[in-house]
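Next comes start.csv, a file with CSV, C-alpha atoms.
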chain,number,residue,atom,x,y,z
A,17,MET,CA,0.0,0.0,0.0
A,18,THR,CA,1.3,3.4,-1.0
A,19,HIS,CA,1.1,6.2,1.6
A,20,LEU,CA,-1.1,9.2,0.8
A,21,SER,CA,1.8,11.6,1.1
A,22,THR,CA,3.6,9.6,-1.7
A,23,LEU,CA,0.4,9.5,-3.9
A,24,TYR,CA,-0.1,13.2,-3.3
A,25,ARG,CA,3.5,14.0,-4.5
A,26,GLN,CA,3.1,11.8,-7.5
A,27,LYS,CA,-0.1,13.7,-8.5
A,28,ILE,CA,1.7,17.0,-8.2
A,29,ASP,CA,4.6,15.7,-10.3
A,30,ALA,CA,2.1,14.5,-12.9
A,31,GLY,CA,0.4,17.9,-12.9
A,32,GLU,CA,-2.9,16.6,-11.6
A,33,LEU,CA,-2.7,18.6,-8.4
A,34,LYS,CA,-1.0,21.8,-7.3
A,35,PRO,CA,1.0,22.1,-4.1
A,36,ASP,CA,-1.2,23.3,-1.2
A,37,PRO,CA,0.3,23.8,2.3
A,38,ALA,CA,-3.1,23.2,3.9
A,39,GLN,CA,-3.5,19.8,2.2
A,40,GLU,CA,0.1,18.8,2.8
A,41,ALA,CA,-0.3,19.5,6.5
A,42,VAL,CA,-3.0,16.8,6.9
A,43,LEU,CA,-1.1,14.1,5.0
A,44,PRO,CA,0.8,12.8,8.1
A,45,HIS,CA,-2.5,12.1,9.8
A,46,PHE,CA,-3.5,9.8,6.9
A,47,ASP,CA,-0.1,8.2,6.8
A,48,ARG,CA,-0.4,7.4,10.5
A,49,ILE,CA,-3.8,5.8,10.1
A,50,ALA,CA,-2.5,3.8,7.2
A,51,GLU,CA,0.4,2.4,9.2
A,52,GLY,CA,-2.0,1.5,12.0
A,53,LEU,CA,-4.4,-0.3,9.7
A,54,THR,CA,-1.6,-2.3,8.1
A,55,ALA,CA,0.0,-3.3,11.4
A,56,PRO,CA,-0.3,-7.0,12.2
A,57,PRO,CA,-2.8,-8.1,14.9
A,58,VAL,CA,-1.5,-8.4,18.4
A,59,LYS,CA,-2.1,-11.3,20.8
A,60,ARG,CA,-2.5,-10.1,24.4
A,61,GLY,CA,-2.8,-13.5,26.2
A,62,PHE,CA,-1.9,-17.1,25.6
A,63,PHE,CA,-5.5,-18.2,25.2
A,64,ARG,CA,-6.8,-15.1,23.5
A,65,ARG,CA,-6.9,-14.6,19.8
A,66,ALA,CA,-4.9,-11.9,18.1
A,67,GLU,CA,-6.7,-8.7,17.6
A,68,PHE,CA,-5.9,-5.5,15.7
A,69,GLU,CA,-4.9,-2.5,17.7
A,70,GLN,CA,-7.4,0.4,17.8
A,71,VAL,CA,-6.3,3.2,15.4
A,72,GLN,CA,-7.1,6.8,16.2
A,73,GLY,CA,-9.3,8.3,13.6
A,74,LEU,CA,-9.5,11.8,12.0
A,75,TYR,CA,-12.1,14.6,12.1
A,76,LEU,CA,-11.1,16.9,9.2
A,77,TRP,CA,-13.0,20.1,9.1
A,78,GLY,CA,-12.8,23.5,7.3
A,79,GLY,CA,-14.4,25.5,4.6
A,80,VAL,CA,-15.9,23.8,1.5
A,81,GLY,CA,-13.9,23.4,-1.6
A,82,ARG,CA,-10.5,23.0,0.2
A,83,GLY,CA,-9.9,19.4,-0.9
A,84,LYS,CA,-11.0,17.5,2.3
A,85,SER,CA,-13.1,15.0,0.3
A,86,MET,CA,-10.5,14.7,-2.4
A,87,LEU,CA,-7.8,13.7,0.1
A,88,MET,CA,-10.2,11.3,1.9
A,89,ASP,CA,-11.2,9.6,-1.4
A,90,LEU,CA,-7.5,9.2,-2.4
A,91,PHE,CA,-6.8,7.7,1.0
A,92,VAL,CA,-9.6,5.2,0.8
A,93,ASP,CA,-8.6,4.2,-2.7
A,94,SER,CA,-5.1,3.5,-1.5
A,95,LEU,CA,-6.1,1.0,1.2
A,96,GLU,CA,-6.3,-1.9,-1.3
A,97,ASP,CA,-7.5,-5.0,0.6
A,98,ILE,CA,-8.2,-3.3,4.0
A,99,PRO,CA,-12.0,-3.5,4.4
A,100,SER,CA,-13.2,0.1,4.2
A,101,ARG,CA,-16.2,2.1,3.1
A,102,ARG,CA,-16.7,5.7,2.0
A,103,VAL,CA,-20.2,7.0,2.4
A,104,HIS,CA,-22.0,10.3,2.9
A,105,PHE,CA,-22.8,10.6,6.6
A,106,HIS,CA,-26.5,11.4,6.0
A,107,ALA,CA,-27.0,8.3,3.8
A,108,PHE,CA,-25.2,6.1,6.4
A,109,MET,CA,-27.5,7.3,9.2
A,110,GLN,CA,-30.5,6.4,7.0
A,111,GLU,CA,-29.1,2.9,6.6
A,112,ILE,CA,-28.8,2.6,10.4
A,113,HIS,CA,-32.4,3.7,10.9
A,114,ALA,CA,-33.5,1.1,8.3
A,115,HIS,CA,-31.5,-1.6,10.1
A,116,MET,CA,-33.0,-0.6,13.4
A,117,HIS,CA,-36.5,-0.7,12.0
A,118,GLU,CA,-36.0,-4.2,10.7
A,119,ALA,CA,-34.6,-5.3,14.1
A,120,ARG,CA,-37.7,-3.9,15.9
A,121,GLN,CA,-39.9,-5.7,13.4
A,122,ASN,CA,-38.1,-8.9,14.5
A,123,GLY,CA,-38.7,-8.2,18.2
A,124,VAL,CA,-35.2,-7.1,19.0
A,125,GLU,CA,-35.2,-5.0,22.2
A,126,ASP,CA,-32.0,-3.1,21.6
A,127,ALA,CA,-32.4,-2.4,17.8
A,128,LEU,CA,-29.2,-0.4,17.6
A,129,ALA,CA,-26.9,-3.3,18.7
A,130,PRO,CA,-27.4,-5.5,15.6
A,131,ALA,CA,-27.1,-2.4,13.3
A,132,ALA,CA,-23.8,-1.4,14.8
A,133,LYS,CA,-22.5,-5.0,14.7
A,134,ALA,CA,-23.4,-5.4,11.0
A,135,VAL,CA,-21.3,-2.3,10.3
A,136,ALA,CA,-18.4,-3.4,12.5
A,137,ASP,CA,-18.3,-6.9,11.0
A,138,SER,CA,-18.0,-5.5,7.5
A,139,VAL,CA,-15.3,-2.8,7.7
A,140,ARG,CA,-12.1,-1.7,9.6
A,141,LEU,CA,-12.4,1.8,8.4
A,142,LEU,CA,-15.4,4.1,7.8
A,143,ALA,CA,-14.9,7.3,5.8
A,144,PHE,CA,-17.8,9.8,6.1
A,145,ASP,CA,-18.2,12.7,3.8
A,146,GLU,CA,-19.8,15.9,5.4
A,147,MET,CA,-20.7,15.0,8.9
A,148,GLN,CA,-23.4,17.3,10.1
A,149,ILE,CA,-26.3,16.5,12.4
A,150,THR,CA,-29.6,18.4,12.2
A,151,ASP,CA,-32.1,15.6,12.9
A,152,ILE,CA,-33.0,14.8,16.5
A,153,THR,CA,-33.4,11.1,15.7
A,154,ASP,CA,-29.8,11.0,14.5
A,155,ALA,CA,-28.6,13.0,17.5
A,156,MET,CA,-30.2,10.7,20.0
A,157,ILE,CA,-28.5,7.5,18.7
A,158,VAL,CA,-25.2,8.6,17.2
A,159,GLY,CA,-23.3,8.6,20.5
A,160,ARG,CA,-24.2,4.9,21.3
A,161,LEU,CA,-23.6,4.0,17.7
A,162,PHE,CA,-20.1,5.4,17.5
A,163,GLU,CA,-19.3,4.1,20.9
A,164,ALA,CA,-20.1,0.6,19.7
A,165,LEU,CA,-18.1,1.0,16.5
A,166,PHE,CA,-15.0,2.3,18.3
A,167,ALA,CA,-15.3,-0.5,20.9
A,168,ALA,CA,-15.3,-3.0,17.9
A,169,GLY,CA,-12.1,-1.5,16.6
A,170,VAL,CA,-13.5,0.4,13.7
A,171,THR,CA,-11.5,3.5,12.7
A,172,VAL,CA,-13.5,6.5,11.5
A,173,ILE,CA,-12.4,9.4,9.3
A,174,THR,CA,-14.8,12.2,8.5
A,175,THR,CA,-14.9,15.5,6.8
A,176,SER,CA,-17.1,18.3,8.0
A,177,ASN,CA,-17.7,22.0,7.5
A,178,ARG,CA,-18.1,22.4,11.3
A,179,VAL,CA,-15.8,22.2,14.3
A,180,PRO,CA,-17.1,19.3,16.5
A,181,ASP,CA,-18.4,21.7,19.2
A,182,ASP,CA,-20.8,23.2,16.6
A,183,LEU,CA,-22.4,19.9,15.7
A,184,TYR,CA,-26.2,19.8,16.3
A,185,LYS,CA,-25.8,23.4,17.5
A,186,ASN,CA,-29.0,24.8,19.1
A,187,GLY,CA,-30.6,21.4,18.6
A,188,LEU,CA,-33.5,20.1,20.7
A,189,ASN,CA,-32.2,18.3,23.9
A,190,ARG,CA,-28.6,19.1,22.8
A,191,GLN,CA,-27.3,18.3,26.3
A,192,LEU,CA,-28.0,14.6,25.6
A,193,PHE,CA,-25.8,14.9,22.4
A,194,LEU,CA,-22.7,16.5,24.1
A,195,PRO,CA,-21.1,13.2,25.1
A,196,PHE,CA,-20.8,12.4,21.4
A,197,ILE,CA,-18.7,15.5,20.9
A,198,ASP,CA,-16.4,14.3,23.7
A,199,LEU,CA,-16.3,10.9,22.1
A,200,ILE,CA,-15.2,12.4,18.8
A,201,LYS,CA,-12.4,14.3,20.5
A,202,ALA,CA,-11.2,11.2,22.4
A,203,GLN,CA,-11.2,8.8,19.4
A,204,MET,CA,-10.3,11.1,16.5
A,205,ASP,CA,-7.7,13.7,15.9
A,206,VAL,CA,-9.4,17.0,15.1
A,207,HIS,CA,-7.7,18.9,12.3
A,208,GLU,CA,-8.8,22.1,10.7
A,209,MET,CA,-7.9,22.6,7.1
A,210,VAL,CA,-7.3,26.3,6.7
A,211,SER,CA,-6.7,27.4,3.1
A,212,PRO,CA,-7.5,30.6,1.2
A,213,ILE,CA,-8.1,28.6,-2.0
A,214,ASP,CA,-11.6,27.3,-2.8
A,215,TYR,CA,-11.0,24.8,-5.6
A,216,ARG,CA,-14.6,24.2,-6.3
A,217,GLN,CA,-15.3,27.9,-6.8
A,218,HIS,CA,-12.2,28.2,-9.0
A,219,ARG,CA,-13.6,25.5,-11.3
A,220,LEU,CA,-16.8,27.4,-11.7
A,221,THR,CA,-15.5,30.9,-11.9
A,222,GLY,CA,-16.3,32.3,-15.3
A,223,ALA,CA,-17.9,29.0,-16.4
A,224,GLN,CA,-21.3,28.9,-18.0
A,225,VAL,CA,-23.8,27.5,-15.6
A,226,TYR,CA,-27.1,28.1,-17.4
A,227,PHE,CA,-27.7,26.2,-20.7
A,228,ALA,CA,-30.5,26.9,-23.1
A,229,PRO,CA,-32.0,25.3,-25.1
A,230,VAL,CA,-31.7,21.7,-23.9
A,231,ASP,CA,-29.9,20.0,-26.8
A,232,GLY,CA,-27.0,17.6,-27.3
A,233,ALA,CA,-24.4,20.2,-26.6
A,234,ALA,CA,-26.1,21.4,-23.4
A,235,ARG,CA,-26.4,17.8,-22.1
A,236,ALA,CA,-22.7,17.1,-22.9
A,237,GLN,CA,-21.6,20.3,-21.0
A,238,ILE,CA,-23.8,19.4,-18.0
A,239,ARG,CA,-22.3,15.9,-17.9
A,240,ALA,CA,-18.8,17.3,-18.0
A,241,ILE,CA,-19.5,19.8,-15.2
A,242,TRP,CA,-21.1,17.0,-13.1
A,243,THR,CA,-18.1,14.7,-13.6
A,244,ASP,CA,-15.6,17.4,-12.6
A,245,LEU,CA,-17.5,18.6,-9.5
A,246,SER,CA,-18.6,15.2,-8.2
A,247,GLY,CA,-15.2,13.6,-8.6
A,248,GLY,CA,-16.4,10.0,-8.6
A,249,PRO,CA,-19.4,7.7,-8.5
A,250,ALA,CA,-22.5,9.1,-6.8
A,251,GLN,CA,-25.2,7.7,-4.7
A,252,PRO,CA,-28.8,8.8,-4.2
A,253,LEU,CA,-29.4,11.1,-1.2
A,254,ARG,CA,-32.6,10.5,0.7
A,255,LEU,CA,-33.8,13.2,3.1
A,256,GLU,CA,-36.5,12.5,5.6
A,257,VAL,CA,-38.7,15.6,6.0
A,258,LYS,CA,-41.6,15.3,8.5
A,259,GLY,CA,-41.9,11.6,8.0
A,260,ARG,CA,-41.6,11.7,4.2
A,261,GLU,CA,-38.7,10.8,2.0
A,262,VAL,CA,-37.3,13.3,-0.5
A,263,THR,CA,-34.8,11.8,-2.9
A,264,LEU,CA,-32.0,13.4,-5.0
A,265,PRO,CA,-31.0,10.8,-7.6
A,266,ALA,CA,-27.3,11.5,-7.5
A,267,PHE,CA,-25.1,13.1,-4.8
A,268,ARG,CA,-21.4,13.3,-4.0
A,269,ASN,CA,-19.1,15.8,-2.3
A,270,GLY,CA,-21.9,18.2,-1.6
A,271,VAL,CA,-23.0,18.2,-5.3
A,272,ALA,CA,-26.4,16.9,-6.3
A,273,ARG,CA,-27.9,16.1,-9.7
A,274,ALA,CA,-31.6,15.9,-10.4
A,275,SER,CA,-34.1,16.6,-13.2
A,276,PHE,CA,-36.9,19.2,-13.1
A,277,TYR,CA,-39.4,16.4,-12.7
A,278,ASP,CA,-37.5,14.9,-9.7
A,279,LEU,CA,-37.9,18.1,-7.7
A,280,CYS,CA,-40.9,20.0,-9.2
A,281,GLY,CA,-43.0,17.2,-10.8
A,282,LYS,CA,-43.7,15.6,-7.4
A,283,MET,CA,-45.7,16.8,-4.4
A,284,LEU,CA,-42.9,18.6,-2.7
A,285,GLY,CA,-43.3,21.8,-0.6
A,286,PRO,CA,-41.2,24.6,1.0
A,287,GLY,CA,-39.9,22.3,3.9
A,288,ASP,CA,-38.6,19.8,1.3
A,289,TYR,CA,-36.8,22.5,-0.6
A,290,LEU,CA,-35.3,24.0,2.5
A,291,ALA,CA,-34.0,20.6,3.5
A,292,ILE,CA,-32.4,20.2,0.1
A,293,ALA,CA,-30.9,23.7,0.2
A,294,GLU,CA,-29.4,22.9,3.7
A,295,GLU,CA,-27.8,19.7,2.5
A,296,VAL,CA,-26.5,20.6,-0.9
A,297,LYS,CA,-23.7,23.0,-1.9
A,298,VAL,CA,-24.2,22.8,-5.7
A,299,LEU,CA,-27.3,21.6,-7.5
A,300,VAL,CA,-27.2,20.4,-11.1
A,301,LEU,CA,-30.8,20.7,-12.3
A,302,GLU,CA,-31.7,19.4,-15.8
A,303,ASP,CA,-34.5,19.8,-18.3
A,304,ILE,CA,-36.4,22.8,-17.0
A,305,PRO,CA,-39.4,23.0,-19.4
A,306,ARG,CA,-41.3,26.1,-20.6
A,307,LEU,CA,-43.9,27.0,-17.9
A,308,SER,CA,-47.5,28.0,-18.3
A,309,ARG,CA,-51.0,27.4,-17.1
A,310,ASN,CA,-50.6,23.8,-18.3
A,311,ASN,CA,-48.0,23.0,-15.7
A,312,PHE,CA,-48.9,25.7,-13.1
A,313,ASN,CA,-48.3,23.5,-10.1
A,314,GLU,CA,-44.9,22.5,-11.3
A,315,ALA,CA,-44.1,26.2,-12.0
A,316,ARG,CA,-45.1,27.1,-8.4
A,317,ARG,CA,-42.9,24.5,-7.0
A,318,PHE,CA,-40.0,25.7,-9.2
A,319,VAL,CA,-40.4,29.2,-7.9
A,320,THR,CA,-40.3,27.9,-4.3
A,321,LEU,CA,-37.3,25.7,-5.1
A,322,ILE,CA,-35.3,28.7,-6.6
A,323,ASP,CA,-36.2,30.8,-3.5
A,324,ALA,CA,-34.8,28.2,-1.2
A,325,LEU,CA,-31.6,27.8,-3.2
A,326,TYR,CA,-31.2,31.5,-3.5
A,327,GLU,CA,-31.6,32.2,0.2
A,328,ALA,CA,-29.2,29.4,1.1
A,329,ARG,CA,-26.6,30.6,-1.6
A,330,VAL,CA,-26.6,27.2,-3.2
A,331,ARG,CA,-24.8,27.2,-6.6
A,332,LEU,CA,-27.2,26.3,-9.4
A,333,ILE,CA,-26.2,24.8,-12.7
A,334,CYS,CA,-29.1,24.0,-15.0
A,335,SER,CA,-30.3,23.3,-18.5
A,336,ALA,CA,-33.6,24.8,-19.6
A,337,ALA,CA,-35.9,25.1,-22.6
A,338,ALA,CA,-35.3,28.9,-22.7
A,339,GLN,CA,-33.6,31.8,-21.1
A,340,PRO,CA,-35.0,32.8,-17.7
A,341,GLU,CA,-37.1,35.7,-19.0
A,342,MET,CA,-38.7,33.4,-21.6
A,343,LEU,CA,-39.5,30.4,-19.4
A,344,TYR,CA,-42.9,31.6,-18.2
A,345,VAL,CA,-44.5,34.0,-20.7
A,346,GLU,CA,-48.2,33.3,-20.5
A,347,GLY,CA,-50.8,32.3,-17.9
A,348,GLU,CA,-51.4,33.0,-14.2
A,349,GLY,CA,-48.2,33.6,-12.3
A,350,THR,CA,-46.2,35.3,-15.0
A,351,PHE,CA,-45.8,38.5,-13.0
A,352,GLU,CA,-44.7,36.6,-9.9
A,353,PHE,CA,-42.2,34.7,-12.0
A,354,GLU,CA,-40.3,37.9,-12.9
A,355,ARG,CA,-38.6,37.7,-9.5
A,356,THR,CA,-37.6,34.1,-10.2
A,357,ALA,CA,-36.2,35.0,-13.6
A,358,SER,CA,-34.2,37.8,-12.0
A,359,ARG,CA,-32.8,35.4,-9.4
A,360,LEU,CA,-31.9,32.9,-12.1
A,361,ARG,CA,-29.9,35.7,-13.8
A,362,GLU,CA,-28.2,36.7,-10.6
A,363,MET,CA,-27.3,33.1,-9.8
A,364,GLN,CA,-25.4,32.9,-13.1
A,365,ASP,CA,-22.9,35.6,-12.0
A,366,LYS,CA,-19.4,34.2,-11.6
A,367,ASP,CA,-19.1,35.6,-8.0
A,368,TRP,CA,-22.6,34.5,-6.9
A,369,GLY,CA,-22.6,31.8,-4.2
A,370,THR,CA,-19.0,32.3,-3.2
A,371,ALA,CA,-19.9,32.1,0.4
A,372,ALA,CA,-21.6,28.8,0.0
A,373,LEU,CA,-18.8,27.3,-2.0
Kindly transcribe the structure held in the file into structure tokens.
Amino acid sequence: MTHLSTLYRQKIDAGELKPDPAQEAVLPHFDRIAEGLTAPPVKRGFFRRAEFEQVQGLYLWGGVGRGKSMLMDLFVDSLEDIPSRRVHFHAFMQEIHAHMHEARQNGVEDALAPAAKAVADSVRLLAFDEMQITDITDAMIVGRLFEALFAAGVTVITTSNRVPDDLYKNGLNRQLFLPFIDLIKAQMDVHEMVSPIDYRQHRLTGAQVYFAPVDGAARAQIRAIWTDLSGGPAQPLRLEVKGREVTLPAFRNGVARASFYDLCGKMLGPGDYLAIAEEVKVLVLEDIPRLSRNNFNEARRFVTLIDALYEARVRLICSAAAQPEMLYVEGEGTFEFERTASRLREMQDKDWGTAAL
């Protein structure tokens, strides 16, 4: 297995990366974890089986676009035959809830125990992208879950935009969540990645982000942008909003991809769009049609979606049947749509959304 510091230098020599002191400063943490994971198991008694030593994990936090996810992905790819998994934190927690629901259906009293065991039996390293906790159901179980994973010898690496002390900030019954923060600090090295360079923003600066009409050229450009920003294979992101599930078909590294129908052709409301805007940093939205009285409900949802994205400073990349001012030219709601068209224009500016990215 090649250490991440060596791989990083190789990519710089090949011109795939540029030297970045903030990224280089975190490489020794990854190398330390790699050495721990490749160390042979230790036998601590004549009659006891050999076991792997517990390896201190890593909580890597800082502004978006600094390369946290890129480094973590490179590290996971370098582990070769060490059982590991890279997953978005929110998607992982949804899987845990599904395991717990199944256990309860089978009459298991402590439904969390088998869920944690199933994870611990399958991996030695868990790599989470974008740890953030906003849901009280996650907040109430995450402490026990991670305690069980650490006790089973699982090493955890996670990226986050928040310092651990700000997780679940102002959340309901937060005092019950605080032991989890202490657990993170005990089991994981906390490292802030401080860099003035926002690579994601640089990739979008000056780039076209609104494509009209929707034709072969527009689709090809959208695909290229998605490939560049996502940086690898994506997974669906399922958000639970007031007991309902809202699905984004593709999500990776804070970038989501969906069609107009996925988000506006279904019975979604303001709460759903606010949840999306809170979770996503960049949204690639495809195939926005012309809007009129014939698809009035879809048009209203689109207006609400754009409002939520605008207020949250989410970067929008989209393909549409026409330029913003020509999307909605007849029928009830045309006057109200003028504000949406104006926002779509503003969101195309090269400097718009810098704070979010």
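Protein, DNA and RNA residues at most 10 Å from (-13.6, 24.8, 6.0), with all atoms listed in the file, are these: Leu76, Trp77, Gly78, Gly79, Val80, Gly81, Arg82, Gly83, Lys84, Thr175, Ser176, Asn177, Arg178, Val179, Glu208, Met209, Val210, Ser211, Pro212, Asp214 and Leu373 of chain A.
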Just want the 10 Å neighbourhood of A:Ala168, counted on only C-alpha atoms, with same-chain residues fewer than 2 positions away dropped. Output as a PyMOL selection string.
chain A and resi 68+70+132-133+135-137+140+162-166+170-171
Hey, which of A:Arg260, A:His19, A:Arg273, A:Arg235 ends up closest to A:Val92? Count only C-alpha atoms.
A:His19
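Atom CA of A:Asp182 is positioned 10.9 Å from atom CA of A:Thr150.
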Neighbouring residues of A:Ala55 were defined as those with any atom within 12 Å, considering all atoms listed in the file; residues of the same chain fewer than 2 positions away were excluded. Please report them as a PyMOL selection string.
chain A and resi 17+48-53+57-58+66-71+98
Identify the residues within 12 Å of coordinate (-33.8, 17.3, -8.3) (same frame as the file), considering all atoms listed in the file, and give the answer as a ChimeraX atom specification.
/A:252-254,262-267,271-282,284,288-289,292-293,296,298-304,317-318,321-322,325,332-334
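Within the 9 Å cut-off around A:Ala155, using all atoms listed in the file and omitting residues fewer than 5 positions from it on the same chain, the listed residues are Ile149, Thr150, Tyr184, Gly187, Arg190, Leu192, Phe193 and Phe196 of chain A.
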Hey, can you check how far atom CA of A:Gln224 sits from atom CA of A:Asn269?
20.6 Å
Edge lengths and centre in Å to one decimal, as AutoDock Vina command-line options, is what I'm after for the box along x, y and z that holds all listed atoms of stretch 293-300 of chain A once 4 Å is added on each side.
--center_x -27.3 --center_y 21.7 --center_z -3.7 --size_x 15.2 --size_y 12.0 --size_z 22.8
List as a tab-separated table every residue of stretch 82-103 of chain A that is in contact with stretch 20-38 of chain A, defined as an atom at most 9 Å from one of its atoms (using all atoms listed in the file), together with the nearest atom pair and the distance in Å rounded to one decimal, sorted by chain and then rising number.
residue	atom	partner	partner_atom	distance
A:Arg82	CA	A:Ala38	CA	8.3
A:Leu87	CA	A:Leu20	CA	8.1
A:Leu90	CA	A:Leu20	CA	7.2
A:Phe91	CA	A:Leu20	CA	5.9
A:Ser94	CA	A:Leu20	CA	7.3
Residue among A:Val230, A:Leu74, A:Leu183, A:Leu245 lying closest to A:Gln148, counting all atoms listed in the file:
A:Leu183
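With only C-alpha atoms as the atoms that count, the minimum distance from A:Pro229 to the choices A:Arg306, A:Lys185, A:Lys297, A:Lys201 is reached by A:Arg306.
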Between A:Ile173, A:Ala107, A:Leu141, A:Met147, which has the minimum distance to A:Met88 (counting all atoms listed in the file)?
A:Ile173
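Close contacts of A:Glu327, defined as residues with an atom at most 12 Å away when counting only C-alpha atoms, with chain neighbours fewer than 3 positions off set aside, comprise Tyr289, Leu290, Ala293, Glu294, Thr320, Leu321, Ile322, Asp323, Ala324, Val330, Arg331, Arg359, Met363, Trp368, Gly369, Ala371 and Ala372 of chain A.
Using all atoms listed in the file, the shortest contact distance between A:Thr350 and any of A:Ala143, A:Met116, A:Ala315, A:Ile197 is found at A:Ala315.
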